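Engineer: This is the content of work.cif (mmCIF, C-alpha atoms and all ligand atoms):
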```cif
data_my_file
#
loop_
_atom_site.label_atom_id
_atom_site.label_comp_id
_atom_site.auth_asym_id
_atom_site.auth_seq_id
_atom_site.Cartn_x
_atom_site.Cartn_y
_atom_site.Cartn_z
CA MET A 1352 126.86 247.56 83.07
CA SER A 1353 123.79 246.97 80.97
CA ARG A 1354 122.83 243.55 79.80
CA LYS A 1355 123.18 244.64 76.21
CA LYS A 1356 126.75 245.71 76.71
CA ARG A 1357 127.65 242.49 78.48
CA ALA A 1358 126.10 240.39 75.77
CA SER A 1359 127.94 242.21 73.04
CA ALA A 1360 131.28 241.65 74.79
CA TYR A 1361 130.91 237.96 74.06
CA THR A 1362 131.09 236.84 70.45
CA PRO A 1363 129.79 233.30 70.11
CA PRO A 1364 131.61 231.07 67.66
CA THR A 1365 129.45 229.85 64.81
CA ASN A 1366 130.49 226.20 64.51
CA LEU A 1367 129.70 224.93 68.02
CA SER A 1368 126.73 222.91 69.19
CA ALA A 1369 124.13 224.83 71.16
CA PHE A 1370 125.38 223.20 74.36
CA ARG A 1371 129.05 223.95 73.74
CA ASP A 1372 128.13 227.50 72.87
CA ALA A 1373 126.30 227.92 76.19
CA GLU A 1374 129.23 226.40 78.07
CA ARG A 1375 131.57 228.87 76.44
CA TYR A 1376 129.36 231.77 77.39
CA TRP A 1377 129.13 230.81 81.06
CA LYS A 1378 132.82 229.97 81.30
CA SER A 1379 133.95 233.19 79.68
CA ARG A 1380 135.82 235.57 81.99
CA THR A 1381 135.84 238.51 79.61
CA SER A 1382 132.82 240.01 81.35
CA PRO A 1383 130.60 239.03 84.29
CA PRO A 1384 127.93 236.47 83.38
CA ASP A 1385 124.43 237.80 82.91
CA LEU A 1386 122.56 236.05 85.71
CA SER A 1387 119.19 237.13 84.32
CA LEU A 1388 119.75 234.41 81.72
CA ALA A 1389 119.71 231.65 84.36
CA PHE A 1390 116.52 230.09 85.70
CA ASP A 1391 116.06 231.37 89.23
CA PRO A 1392 113.13 230.15 91.36
CA ALA A 1393 113.03 233.52 93.07
CA GLN A 1394 112.17 235.15 89.71
CA VAL A 1395 109.30 232.87 88.70
CA ARG A 1396 105.83 234.45 88.46
CA TRP A 1397 103.40 231.97 90.00
CA ASP A 1398 99.67 231.77 89.32
CA ALA A 1399 97.48 232.80 92.25
CA GLU A 1400 95.71 229.44 92.47
CA ALA A 1401 96.78 225.84 92.15
CA ASN A 1402 95.18 223.50 89.62
CA ALA A 1403 93.03 220.52 90.59
CA ASP A 1404 96.10 218.37 91.03
CA GLY A 1405 97.57 220.77 93.60
CA ARG A 1406 100.17 222.18 91.23
CA LEU A 1407 100.85 225.87 90.73
CA ARG A 1408 101.80 227.05 87.25
CA GLY A 1409 104.62 229.52 86.88
CA VAL A 1410 106.47 231.37 84.14
CA TRP A 1411 110.07 232.47 84.29
CA THR A 1412 111.16 235.13 81.83
CA ALA A 1413 114.85 235.30 81.05
CA GLY A 1414 116.66 238.58 80.53
CA ASP A 1415 116.59 238.00 76.77
CA GLY A 1416 112.80 237.48 76.78
CA HIS A 1417 112.83 233.68 76.61
CA GLU A 1418 109.96 232.18 78.65
CA GLU A 1419 110.03 228.88 80.51
CA VAL A 1420 106.90 227.30 81.95
CA CYS A 1421 107.29 225.42 85.22
CA TRP A 1422 105.15 223.86 87.93
CA ARG A 1423 105.42 224.12 91.66
CA VAL A 1424 104.37 221.36 94.07
CA GLU A 1425 104.31 221.86 97.84
CA LEU A 1426 106.00 219.15 99.88
CA HIS A 1427 103.85 218.78 102.96
CA GLU A 1428 105.18 215.41 104.03
CA LEU A 1429 108.88 216.11 104.04
CA ALA A 1430 109.28 216.69 107.76
CA GLU A 1431 107.82 213.29 108.60
CA THR A 1432 110.01 211.19 106.39
CA ALA A 1433 113.16 209.18 106.62
CA MET A 1434 114.81 212.56 106.96
CA GLY A 1435 112.59 213.38 109.91
CA GLN A 1436 115.40 214.25 112.23
CA SER A 1437 115.50 217.34 114.33
CA ARG A 1438 117.99 218.87 111.87
CA TRP A 1439 115.54 218.45 109.05
CA LYS A 1440 112.55 219.65 110.98
CA GLY A 1441 114.35 222.56 112.52
CA LYS A 1442 114.17 224.79 109.49
CA ASP A 1443 116.16 227.82 110.32
CA ARG A 1444 115.54 229.95 107.32
CA GLU A 1445 113.01 232.41 106.15
CA GLN A 1446 110.74 230.80 103.67
CA GLU A 1447 107.19 229.80 103.28
CA GLY A 1448 107.71 226.05 103.06
CA ASP A 1449 109.30 223.28 101.09
CA TYR A 1450 108.45 222.91 97.45
CA ALA A 1451 109.63 221.27 94.29
CA ILE A 1452 109.75 222.73 90.79
CA VAL A 1453 109.22 220.67 87.68
CA ILE A 1454 110.20 222.09 84.31
CA PRO A 1455 108.34 220.20 81.58
CA ARG A 1456 110.96 220.73 78.92
CA ILE A 1457 113.54 218.81 81.01
CA PRO A 1458 111.91 215.43 81.57
CA GLY A 1459 112.38 213.81 84.94
CA LEU A 1460 114.13 216.83 86.46
CA VAL A 1461 112.86 217.87 89.90
CA PHE A 1462 114.35 220.98 91.48
CA PHE A 1463 114.12 221.63 95.25
CA PRO A 1464 115.18 225.25 95.90
CA ARG A 1465 116.83 225.76 99.31
CA ILE A 1466 115.53 222.45 100.59
CA LEU A 1467 118.40 221.90 103.05
CA PRO A 1468 118.19 223.90 106.27
CA GLU A 1469 121.26 225.95 107.06
CA SER A 1470 122.39 223.73 109.92
CA LEU A 1471 122.03 220.65 107.73
CA GLN A 1472 124.15 222.30 105.04
CA ARG A 1473 126.91 222.84 107.58
CA SER A 1474 126.70 219.25 108.79
CA LEU A 1475 126.91 218.01 105.20
CA VAL A 1476 130.00 220.13 104.55
CA VAL A 1477 131.59 218.55 107.63
CA GLU A 1478 130.65 215.08 106.44
CA THR A 1479 131.84 215.47 102.85
CA LEU A 1480 135.26 216.78 103.85
CA THR A 1481 135.87 214.24 106.60
CA HIS A 1482 134.81 211.33 104.36
CA ALA A 1483 137.14 212.29 101.52
CA ARG A 1484 139.51 209.56 102.66
CA SER A 1485 140.11 205.82 102.56
CA PRO A 1486 138.23 203.53 101.99
CA ASN A 1487 136.59 206.07 99.70
CA LEU A 1488 138.81 206.79 96.71
CA THR A 1489 139.66 210.42 96.01
CA SER A 1490 141.07 212.25 92.99
CA LEU A 1491 144.41 212.60 94.82
CA GLU A 1492 144.89 208.93 95.63
CA PRO A 1493 146.72 207.90 92.43
CA HIS A 1494 149.26 210.69 92.84
CA TYR A 1495 150.07 211.06 96.54
CA HIS A 1496 150.84 208.93 99.57
CA LEU A 1497 147.83 210.16 101.50
CA PRO A 1498 147.61 209.84 105.29
CA ALA A 1499 145.34 206.95 106.31
CA GLU A 1500 143.10 209.14 108.45
CA GLY A 1501 142.58 211.58 105.58
CA LEU A 1502 143.93 215.03 104.76
CA TRP A 1503 141.09 216.86 106.48
CA THR A 1504 141.59 215.02 109.78
CA ARG A 1505 145.33 215.81 109.59
CA LEU A 1506 144.52 219.48 109.04
CA LEU A 1507 142.14 219.59 112.00
CA ALA A 1508 144.77 217.91 114.18
CA GLY A 1509 147.10 220.86 113.51
CA ASN A 1510 149.22 219.14 110.85
CA GLY A 1511 148.40 221.41 107.93
CA GLU A 1512 152.08 222.12 107.18
CA GLU A 1513 153.04 218.45 107.11
CA ALA A 1514 154.47 217.27 103.76
CA VAL A 1515 152.63 214.72 101.66
CA ARG A 1516 154.83 212.72 99.29
CA ARG A 1517 154.05 212.39 95.62
CA LYS A 1518 153.92 208.85 94.28
CA ASN A 1519 156.53 207.64 91.80
CA GLY A 1520 155.34 207.84 88.22
CA GLY A 1521 152.95 210.59 89.19
CA LEU A 1522 152.52 213.72 87.20
CA ASN A 1523 156.25 214.28 86.70
CA GLY A 1524 155.85 217.97 86.87
CA ALA A 1525 153.55 218.02 83.86
CA ILE A 1526 152.67 221.60 84.67
CA SER A 1527 155.35 223.29 86.63
CA ASP A 1528 155.29 227.00 86.04
CA GLY A 1529 152.11 227.95 87.78
CA ILE A 1530 150.44 229.09 84.57
CA ALA A 1531 147.03 227.73 83.71
CA SER A 1532 147.37 224.97 81.20
CA THR A 1533 145.11 223.13 78.85
CA ALA A 1534 147.17 219.95 79.27
CA PRO A 1535 145.17 217.07 80.73
CA CYS A 1536 145.38 217.11 84.48
CA LEU A 1537 144.95 213.77 86.16
CA GLU A 1538 144.42 215.23 89.60
CA CYS A 1539 141.59 217.42 88.51
CA SER A 1540 139.95 215.51 85.72
CA SER A 1541 136.50 214.29 86.43
CA PRO A 1542 135.14 210.90 85.52
CA GLN A 1543 133.98 212.36 82.30
CA GLY A 1544 137.34 213.95 81.66
CA GLY A 1545 135.65 217.26 81.87
CA ARG A 1546 136.92 218.82 85.05
CA GLU A 1547 139.27 221.68 84.45
CA SER A 1548 141.10 223.82 86.87
CA LYS A 1549 143.22 226.85 86.42
CA GLN A 1550 144.06 226.81 90.08
CA ALA A 1551 145.59 223.36 90.14
CA VAL A 1552 149.27 224.01 89.78
CA HIS A 1553 151.58 221.03 89.98
CA ILE A 1554 154.92 221.60 91.51
CA GLY A 1555 157.05 218.98 89.87
CA GLU A 1556 158.53 216.34 92.15
CA ARG A 1557 158.31 218.41 95.31
CA ASP A 1558 156.15 217.40 98.21
CA VAL A 1559 152.96 219.25 98.95
CA THR A 1560 151.60 220.30 102.32
CA VAL A 1561 148.37 218.86 103.69
CA ARG A 1562 146.85 222.35 103.58
CA ASP A 1563 147.73 222.92 99.91
CA LEU A 1564 146.70 219.45 98.86
CA ILE A 1565 143.22 219.90 100.28
CA MET A 1566 142.73 222.73 97.79
CA LYS A 1567 143.57 220.30 94.98
CA LEU A 1568 140.99 217.73 96.00
CA ARG A 1569 138.44 217.48 93.18
CA TRP A 1570 136.29 214.46 93.97
CA SER A 1571 135.73 211.61 96.35
CA ASN A 1572 133.85 208.37 95.67
CA VAL A 1573 131.14 207.28 98.06
CA GLY A 1574 129.45 203.87 98.13
CA TRP A 1575 130.34 201.43 95.38
CA HIS A 1576 133.83 202.04 94.12
CA TYR A 1577 133.87 203.69 90.71
CA ASN A 1578 136.94 203.62 88.50
CA TRP A 1579 137.05 206.91 86.63
CA THR A 1580 139.58 205.64 84.11
CA THR A 1581 137.60 202.64 82.92
CA LYS A 1582 134.29 204.33 83.81
CA LEU A 1583 133.14 201.11 85.42
CA TYR A 1584 132.03 200.19 88.92
CA GLU A 1585 134.38 197.73 90.64
CA PHE A 1586 131.88 195.66 92.60
CA GLU A 1587 134.51 193.12 93.61
CA ARG A 1588 136.01 195.74 95.94
CA GLY A 1589 132.91 195.55 98.10
CA HIS A 1590 130.40 198.17 99.12
CA VAL A 1591 131.32 201.01 101.45
CA PRO A 1592 128.22 202.40 103.20
CA LEU A 1593 127.39 205.96 102.17
CA PRO A 1594 128.19 208.57 104.82
CA PRO A 1595 125.05 208.65 107.01
CA LEU A 1596 123.82 212.19 106.36
CA ILE A 1597 124.39 211.96 102.62
CA TYR A 1598 122.49 208.69 102.65
CA GLN A 1599 119.56 210.06 104.64
CA CYS A 1600 119.23 213.30 102.70
CA CYS A 1601 119.45 211.77 99.24
CA ARG A 1602 117.24 208.82 100.10
CA GLY A 1603 114.68 211.10 101.75
CA LEU A 1604 114.57 213.51 98.83
CA ALA A 1605 114.19 210.78 96.20
CA ARG A 1606 111.43 209.07 98.18
CA GLN A 1607 109.56 212.30 98.90
CA ALA A 1608 109.75 213.87 95.46
CA PRO A 1609 106.23 214.57 94.14
CA TRP A 1610 106.41 211.72 91.65
CA ARG A 1611 102.68 211.52 91.06
CA GLN A 1612 102.60 215.12 89.88
CA VAL A 1613 105.83 214.75 87.90
CA ASP A 1614 104.30 211.77 86.17
CA GLY A 1615 101.00 213.60 85.76
CA LEU A 1616 102.70 216.40 83.88
CA LYS A 1617 103.10 214.32 80.79
CA LYS A 1618 99.33 214.21 80.42
CA ASP A 1619 98.71 217.92 80.35
CA VAL A 1620 101.74 219.80 79.11
CA GLY A 1621 100.35 219.70 75.60
CA GLY A 1622 102.32 220.71 72.53
CA ASP A 1623 105.38 218.76 71.55
CA GLN A 1624 105.07 215.68 73.74
CA SER A 1625 108.30 214.21 72.49
CA ARG A 1626 110.33 217.05 73.99
CA ALA A 1627 108.09 218.16 76.79
CA ALA A 1628 107.06 214.93 78.40
CA THR A 1629 108.71 211.91 79.85
CA PRO A 1630 107.56 208.76 78.07
CA ALA A 1631 105.37 206.66 80.31
CA GLY A 1632 107.76 203.73 80.11
CA GLN A 1633 110.60 205.81 81.56
CA MET A 1634 108.76 207.16 84.55
CA ARG A 1635 106.66 204.16 85.49
CA ASP A 1636 109.13 203.16 88.19
CA TRP A 1637 108.31 206.12 90.42
CA ARG A 1638 105.86 204.08 92.46
CA SER A 1639 108.67 201.86 93.62
CA TRP A 1640 111.02 204.79 94.27
CA LYS A 1641 108.64 206.19 96.87
CA ASP A 1642 109.17 203.24 99.21
CA ALA A 1643 112.23 201.47 97.95
CA TYR A 1644 114.76 203.95 96.57
CA GLU A 1645 118.16 203.09 98.03
CA PRO A 1646 121.18 205.18 97.02
CA ASP A 1647 124.33 203.07 97.00
CA ALA A 1648 126.99 205.03 95.10
CA GLY A 1649 128.03 208.52 94.22
CA ILE A 1650 130.64 211.19 93.95
CA VAL A 1651 131.29 214.28 95.98
CA ASN A 1652 132.61 217.00 93.67
CA PHE A 1653 134.81 219.68 95.22
CA TYR A 1654 134.95 222.76 92.98
CA GLN A 1655 137.08 225.84 93.39
CA LEU A 1656 136.14 229.15 91.76
CA LYS A 1657 137.93 228.49 88.47
CA ASP A 1658 136.73 224.92 88.07
CA SER A 1659 134.10 223.65 85.71
CA LEU A 1660 132.63 220.33 84.67
CA THR A 1661 132.19 219.83 80.94
CA SER A 1662 128.97 218.54 79.39
CA HIS A 1663 128.40 214.85 79.81
CA ILE A 1664 125.81 212.14 80.43
CA ASP A 1665 126.25 209.78 83.40
CA LEU A 1666 126.01 206.38 81.75
CA SER A 1667 127.57 203.86 84.09
CA GLU A 1668 124.69 202.77 86.29
CA VAL A 1669 122.84 199.51 85.62
CA ASP A 1670 119.53 201.18 86.41
CA ALA A 1671 119.35 203.89 83.78
CA VAL A 1672 116.25 205.67 85.02
CA SER A 1673 116.23 205.71 88.82
CA PRO A 1674 116.85 209.07 90.53
CA LEU A 1675 120.23 210.70 90.64
CA VAL A 1676 120.16 213.10 93.59
CA SER A 1677 122.36 216.18 93.64
CA LEU A 1678 122.89 218.54 96.59
CA SER A 1679 124.69 221.89 96.34
CA LEU A 1680 126.72 223.42 99.17
CA GLY A 1681 128.83 226.56 99.35
CA HIS A 1682 129.17 229.00 96.45
CA SER A 1683 126.36 229.29 93.91
CA SER A 1684 126.89 228.00 90.40
CA ILE A 1685 125.38 227.73 86.94
CA PHE A 1686 124.14 224.28 85.99
CA LEU A 1687 123.31 223.62 82.34
CA VAL A 1688 120.83 220.91 81.46
CA GLY A 1689 119.74 220.07 77.94
CA GLY A 1690 118.66 217.08 75.88
CA THR A 1691 119.94 213.80 74.51
CA THR A 1692 122.25 215.56 72.04
CA ARG A 1693 124.40 218.67 72.40
CA ASP A 1694 122.30 220.32 69.72
CA VAL A 1695 119.48 220.88 72.20
CA PRO A 1696 119.96 224.35 73.76
CA PRO A 1697 120.44 223.84 77.50
CA LEU A 1698 118.56 225.62 80.25
CA PRO A 1699 120.94 227.44 82.63
CA ILE A 1700 119.82 226.99 86.26
CA LEU A 1701 121.15 229.02 89.16
CA LEU A 1702 122.03 226.55 91.93
CA ARG A 1703 122.46 227.96 95.42
CA SER A 1704 123.76 226.40 98.60
CA GLY A 1705 121.06 224.14 100.00
CA ASP A 1706 119.42 223.38 96.64
CA GLY A 1707 118.55 219.82 95.71
CA LEU A 1708 118.08 218.46 92.21
CA ILE A 1709 116.91 215.08 90.96
CA MET A 1710 117.44 213.73 87.48
CA SER A 1711 115.30 210.69 86.74
CA GLY A 1712 113.63 208.78 83.92
CA GLU A 1713 114.55 210.18 80.53
CA GLY A 1714 116.30 212.98 82.39
CA ARG A 1715 119.02 210.52 83.41
CA ARG A 1716 120.22 210.52 79.83
CA VAL A 1717 120.47 214.21 79.05
CA TYR A 1718 123.58 216.34 78.69
CA HIS A 1719 124.43 218.50 81.66
CA ALA A 1720 127.41 220.57 82.77
CA LEU A 1721 128.65 222.88 85.50
CA PRO A 1722 130.45 225.68 83.63
CA ARG A 1723 130.64 228.26 86.39
CA VAL A 1724 131.08 228.70 90.11
CA LEU A 1725 129.99 232.23 91.04
CA ASP A 1726 132.39 234.40 92.98
CA GLY A 1727 131.06 236.28 96.02
CA THR A 1728 128.00 234.09 96.55
CA LEU A 1729 128.83 232.23 99.77
CA PRO A 1730 125.88 232.66 102.16
CA GLY A 1731 126.61 234.36 105.47
CA TYR A 1732 125.61 231.31 107.49
CA LEU A 1733 128.58 229.41 106.01
CA LEU A 1734 131.21 232.03 106.83
CA ALA A 1735 134.06 230.96 109.13
CA SER A 1736 133.20 233.60 111.71
CA GLN A 1737 129.58 232.57 112.13
CA PHE A 1738 129.64 229.57 114.42
CA ASP A 1739 131.78 228.03 117.11
CA ALA A 1740 130.51 224.51 116.91
CA VAL A 1741 128.50 222.51 114.45
CA GLU A 1742 127.09 219.05 114.85
CA GLY A 1743 129.86 216.58 113.99
CA ALA A 1744 132.65 219.13 114.30
CA GLU A 1745 134.48 220.88 117.11
CA SER A 1746 134.61 224.17 115.31
CA TRP A 1747 133.13 225.51 112.11
CA ALA A 1748 136.06 227.85 111.39
CA PRO A 1749 138.22 225.53 109.20
CA TYR A 1750 135.18 224.54 107.15
CA GLY A 1751 134.12 228.14 106.70
CA GLU A 1752 137.67 229.09 105.68
CA TYR A 1753 137.73 226.31 103.09
CA LEU A 1754 134.43 227.51 101.63
CA GLU A 1755 135.43 231.17 101.72
CA ARG A 1756 138.37 230.45 99.43
CA GLY A 1757 135.84 229.75 96.69
CA ALA A 1758 134.52 226.24 97.16
CA ARG A 1759 131.34 224.65 95.96
CA ILE A 1760 130.65 221.08 97.09
CA ASN A 1761 128.27 218.91 95.10
CA VAL A 1762 126.96 215.63 96.47
CA ASN A 1763 125.90 213.47 93.52
CA VAL A 1764 124.33 210.20 94.54
CA ARG A 1765 122.61 207.40 92.66
CA SER A 1766 121.30 203.89 92.86
CA VAL A 1767 123.42 201.56 90.72
CA PHE A 1768 121.06 198.58 90.47
O1 LIG B 1801 128.24 219.68 90.20
C1 LIG B 1801 127.12 219.42 89.77
O2 LIG B 1801 126.11 220.04 90.12
C2 LIG B 1801 126.95 218.31 88.74
C3 LIG B 1801 127.92 217.19 88.87
C4 LIG B 1801 127.71 216.08 87.88
O3 LIG B 1801 127.00 216.21 86.93
C5 LIG B 1801 128.39 214.78 88.09
O4 LIG B 1801 129.13 214.62 89.06
O5 LIG B 1801 128.18 213.88 87.27
FE FE B 1802 126.71 214.35 85.87
#
```
Show me, as structure tokens, the structure contained in the file I just sent.
Ligand SMILES: O=C(O)CCC(=O)C(=O)O
Ligand SMILES: [Fe+2]

Structural biologist:
Amino acid sequence: MSRKKRASAYTPPTNLSAFRDAERYWKSRTSPPDLSLAFDPAQVRWDAEANADGRLRGVWTAGDGHEEVCWRVELHELAETAMGQSRWKGKDREQEGDYAIVIPRIPGLVFFPRILPESLQRSLVVETLTHARSPNLTSLEPHYHLPAEGLWTRLLAGNGEEAVRRKNGGLNGAISDGIASTAPCLECSSPQGGRESKQAVHIGERDVTVRDLIMKLRWSNVGWHYNWTTKLYEFERGHVPLPPLIYQCCRGLARQAPWRQVDGLKKDVGGDQSRAATPAGQMRDWRSWKDAYEPDAGIVNFYQLKDSLTSHIDLSEVDAVSPLVSLSLGHSSIFLVGGTTRDVPPLPILLRSGDGLIMSGEGRRVYHALPRVLDGTLPGYLLASQFDAVEGAESWAPYGEYLERGARINVNVRSVF
């Protein structure tokens, strides 16, 4: 189907903000989304030669003709960093090297296309699913009597058909007929109240099996305990160390980001500095991030194909500018990132498995959303049939099966203080 036809099948409402309008477009199921409208590093035209600062200028042209300027910085040091483990060094993919992309119009955003080697992606999937358990709080905790060792461990032990009891005063069968509902869903709602799911079907007072409940898992806290209802950290509950791989990857990425070049961009982007550049005051901390960035809290988001995360700004951290590190695993998705109000038209970015993204400085206070998980985009190296064993797991098959059903896992880590 031609792009023109697809575009005409969608009639945008006239009274929405630019951001809401974009969310509606990407969420719409009336026709397949036009992926040529999403920023894709593979489609950027790069200059032949780098500038004096070692940056390469690129231009991405969207399917509707819109042009976005971006800069590419090679990451020569990455293999020797805190992440310098064999997993990190042993890049097992076809690509020319590690690089970061900076898009001047989104201040403080640093994009690392396919930065995670395939084997590391698998190990992170293993870690996120096995750590979605006490003492980390999960989205299911308020509603079910969860097994102490966690649902995933029960599943791996062959107890997938075991019943899990609903807690009293739970959802009371708020949605009982299996039809998608717009009623608020406590199990699925994100911290920002923006998580929606058409797949989450509540079955009244009946028990749920371990296997089915895993498909309803929407998030798990890591690090400092965050209360999604009050939107406050509960420091009195003590600090739970981040799972080791999540900690190493996010810490390594934040420390190794090309901060000098990101900072340097504000001097030579020209034009509308107020939109294009990060104010010096907001980015000045990068020098300390290089040696001292310590992630201590975060969320792991578990999306299924029909899930989305509505536009929001993450406001709860004491340190309002230090890097928020996001890792994508599983199915590809569309990430929207805009400005400090919803009137700023967002840039849609295609996020693939293995991509990393940092929001920092002024970019910590911009609207963003995840309106779409893309069907049919799971990479072959994550399929259930591909591997017998993976570091940290006896067999890859259950993980691959979970992903094949439509999952995208997002690790979203930050430094609270
Ligand atoms: O899933 C994503 O990529 C974004 C998640 C996010 O923005 C959040 O958890 O606050
Ligand atoms: Fe967020």

Engineer: Please write as a PDB file with C-alpha atoms, in the coordinates of the input the list of polymer residues whose atoms come within 12 Å of (112.4, 234.1, 80.3), counting all atoms listed in the file and keeping to the coordinates of the file.

Structural biologist:
```pdb
ATOM      1  CA  LEU A1386     122.560 236.050  85.710  1.00  0.00           C
ATOM      2  CA  SER A1387     119.190 237.130  84.320  1.00  0.00           C
ATOM      3  CA  LEU A1388     119.750 234.410  81.720  1.00  0.00           C
ATOM      4  CA  ALA A1389     119.710 231.650  84.360  1.00  0.00           C
ATOM      5  CA  PHE A1390     116.520 230.090  85.700  1.00  0.00           C
ATOM      6  CA  ASP A1391     116.060 231.370  89.230  1.00  0.00           C
ATOM      7  CA  PRO A1392     113.130 230.150  91.360  1.00  0.00           C
ATOM      8  CA  GLN A1394     112.170 235.150  89.710  1.00  0.00           C
ATOM      9  CA  VAL A1395     109.300 232.870  88.700  1.00  0.00           C
ATOM     10  CA  ARG A1396     105.830 234.450  88.460  1.00  0.00           C
ATOM     11  CA  GLY A1409     104.620 229.520  86.880  1.00  0.00           C
ATOM     12  CA  VAL A1410     106.470 231.370  84.140  1.00  0.00           C
ATOM     13  CA  TRP A1411     110.070 232.470  84.290  1.00  0.00           C
ATOM     14  CA  THR A1412     111.160 235.130  81.830  1.00  0.00           C
ATOM     15  CA  ALA A1413     114.850 235.300  81.050  1.00  0.00           C
ATOM     16  CA  GLY A1414     116.660 238.580  80.530  1.00  0.00           C
ATOM     17  CA  ASP A1415     116.590 238.000  76.770  1.00  0.00           C
ATOM     18  CA  GLY A1416     112.800 237.480  76.780  1.00  0.00           C
ATOM     19  CA  HIS A1417     112.830 233.680  76.610  1.00  0.00           C
ATOM     20  CA  GLU A1418     109.960 232.180  78.650  1.00  0.00           C
ATOM     21  CA  GLU A1419     110.030 228.880  80.510  1.00  0.00           C
ATOM     22  CA  VAL A1420     106.900 227.300  81.950  1.00  0.00           C
ATOM     23  CA  CYS A1421     107.290 225.420  85.220  1.00  0.00           C
ATOM     24  CA  LEU A1698     118.560 225.620  80.250  1.00  0.00           C
ATOM     25  CA  PRO A1699     120.940 227.440  82.630  1.00  0.00           C
ATOM     26  CA  ILE A1700     119.820 226.990  86.260  1.00  0.00           C
TER      27      ILE A1700
END
```

Engineer: What does the distance from CA of Arg1606 (chain A) to CA of Arg1703 (chain A) come to in Å, to one decimal?

Structural biologist: 22.0 Å

Engineer: Do a neighbour search on region 1504-1516 of chain A at 8 Å with all atoms listed in the file, toss out local chain neighbours closer than 4 positions, and write the hits as a list in words.

Structural biologist: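 Listing them by chain and then by number gives Thr1481, Tyr1495, His1496, Leu1497, Pro1498, Glu1500, Arg1557, Asp1558, Val1559, Thr1560, Val1561, Arg1562 and Pro1749 of chain A.
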
Engineer: What lies within 9 Å of Val1724 (chain A) using all atoms listed in the file, ignoring chain neighbours under 5 positions off, as JSON, numbers by chain?

Structural biologist: {"A": [1654, 1655, 1656, 1657, 1658, 1659, 1682, 1683, 1684, 1685, 1757, 1758, 1759]}

Engineer: Could you state the separation of CA of Met1710 (chain A) and CA of Asp1665 (chain A) in Å, given to one decimal place?

Structural biologist: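 CA of Asp1665 (chain A) lies at a distance of 10.5 Å from CA of Met1710 (chain A).
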
Engineer: Residues up to 7 Å from ligand LIG 1801 (chain B), counting all atoms listed in the file: could you list those as JSON, numbers by chain?

Structural biologist: {"A": [1650, 1652, 1665, 1677, 1679, 1686, 1719, 1720, 1721, 1761, 1763]}

Engineer: Which is closest to Arg1473 (chain A) among A:Pro1384, A:Pro1674, A:Gly1731, A:Gly1589, if we use only C-alpha atoms?

Structural biologist: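 For Arg1473 (chain A), the nearest of the candidates is A:Gly1731.
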
Engineer: Would you mind listing what lies within 12 Å of region 1399-1403 of chain A as a list in words, with all atoms listed in the file counted and same-chain residues fewer than 3 positions away left out?

Structural biologist: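 What passes the distance filter is Arg1396, Arg1406, Leu1407, Arg1408, Gly1409, Trp1422, Arg1423, Val1424, Glu1425, Gln1612, Gly1615, Leu1616 and Asp1619 of chain A.
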
Engineer: Quick one: write out the picked residues with C-alpha atoms as a PDB file, in the frame of the given file?

Structural biologist:
```pdb
ATOM      1  CA  ARG A1396     105.830 234.450  88.460  1.00  0.00           C
ATOM      2  CA  ARG A1406     100.170 222.180  91.230  1.00  0.00           C
ATOM      3  CA  LEU A1407     100.850 225.870  90.730  1.00  0.00           C
ATOM      4  CA  ARG A1408     101.800 227.050  87.250  1.00  0.00           C
ATOM      5  CA  GLY A1409     104.620 229.520  86.880  1.00  0.00           C
ATOM      6  CA  TRP A1422     105.150 223.860  87.930  1.00  0.00           C
ATOM      7  CA  ARG A1423     105.420 224.120  91.660  1.00  0.00           C
ATOM      8  CA  VAL A1424     104.370 221.360  94.070  1.00  0.00           C
ATOM      9  CA  GLU A1425     104.310 221.860  97.840  1.00  0.00           C
ATOM     10  CA  GLN A1612     102.600 215.120  89.880  1.00  0.00           C
ATOM     11  CA  GLY A1615     101.000 213.600  85.760  1.00  0.00           C
ATOM     12  CA  LEU A1616     102.700 216.400  83.880  1.00  0.00           C
ATOM     13  CA  ASP A1619      98.710 217.920  80.350  1.00  0.00           C
TER      14      ASP A1619
END
```

Engineer: Under the rule that all atoms listed in the file are counted, which of A:Val1672, A:Ile1664, A:Ile1760, A:Leu1734 is the nearest residue to ligand FE 1802 (chain B)?

Structural biologist: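 The answer is A:Ile1664, which sits nearest to ligand FE 1802 (chain B).
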
Engineer: So how far away is CA of Val1573 (chain A) from CA of Ser1485 (chain A), in Å?

Structural biologist: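 Distance between the two atoms: 10.1 Å.
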
Engineer: Between A:Leu1426, A:Leu1564, A:Val1717, A:Ala1373, which residue has the minimum interatomic distance to Ile1466 (chain A), considering all atoms listed in the file?

Structural biologist: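 Among the listed residues, the smallest separation from Ile1466 (chain A) belongs to A:Leu1426.
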
Engineer: For Trp1640 (chain A), list every protein, DNA or RNA residue within 10 Å, evaluated using all atoms listed in the file, and leave out those in the same chain fewer than 6 positions away; present the list as a ChimeraX atom specification.

Structural biologist: /A:1602,1605-1608,1610,1673-1674

Engineer: Would you pick out the contacts of Leu1733 (chain A) at 10 Å or less, using all atoms listed in the file, so that residues sharing its chain but fewer than 5 positions from it are not included, and give the list as a VMD selection string?

Structural biologist: chain A and resid 1469 to 1470 1472 to 1473 1476 1680 to 1682 1704 1738 1747 to 1748 1750 to 1752 1754 to 1755

Engineer: Between A:Ala1735, A:Leu1471, A:Leu1702, A:Leu1687, which is the closest to ligand FE 1802 (chain B) once you count all atoms listed in the file?

Structural biologist: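 The shortest atom-to-atom distance to ligand FE 1802 (chain B) comes from A:Leu1687.
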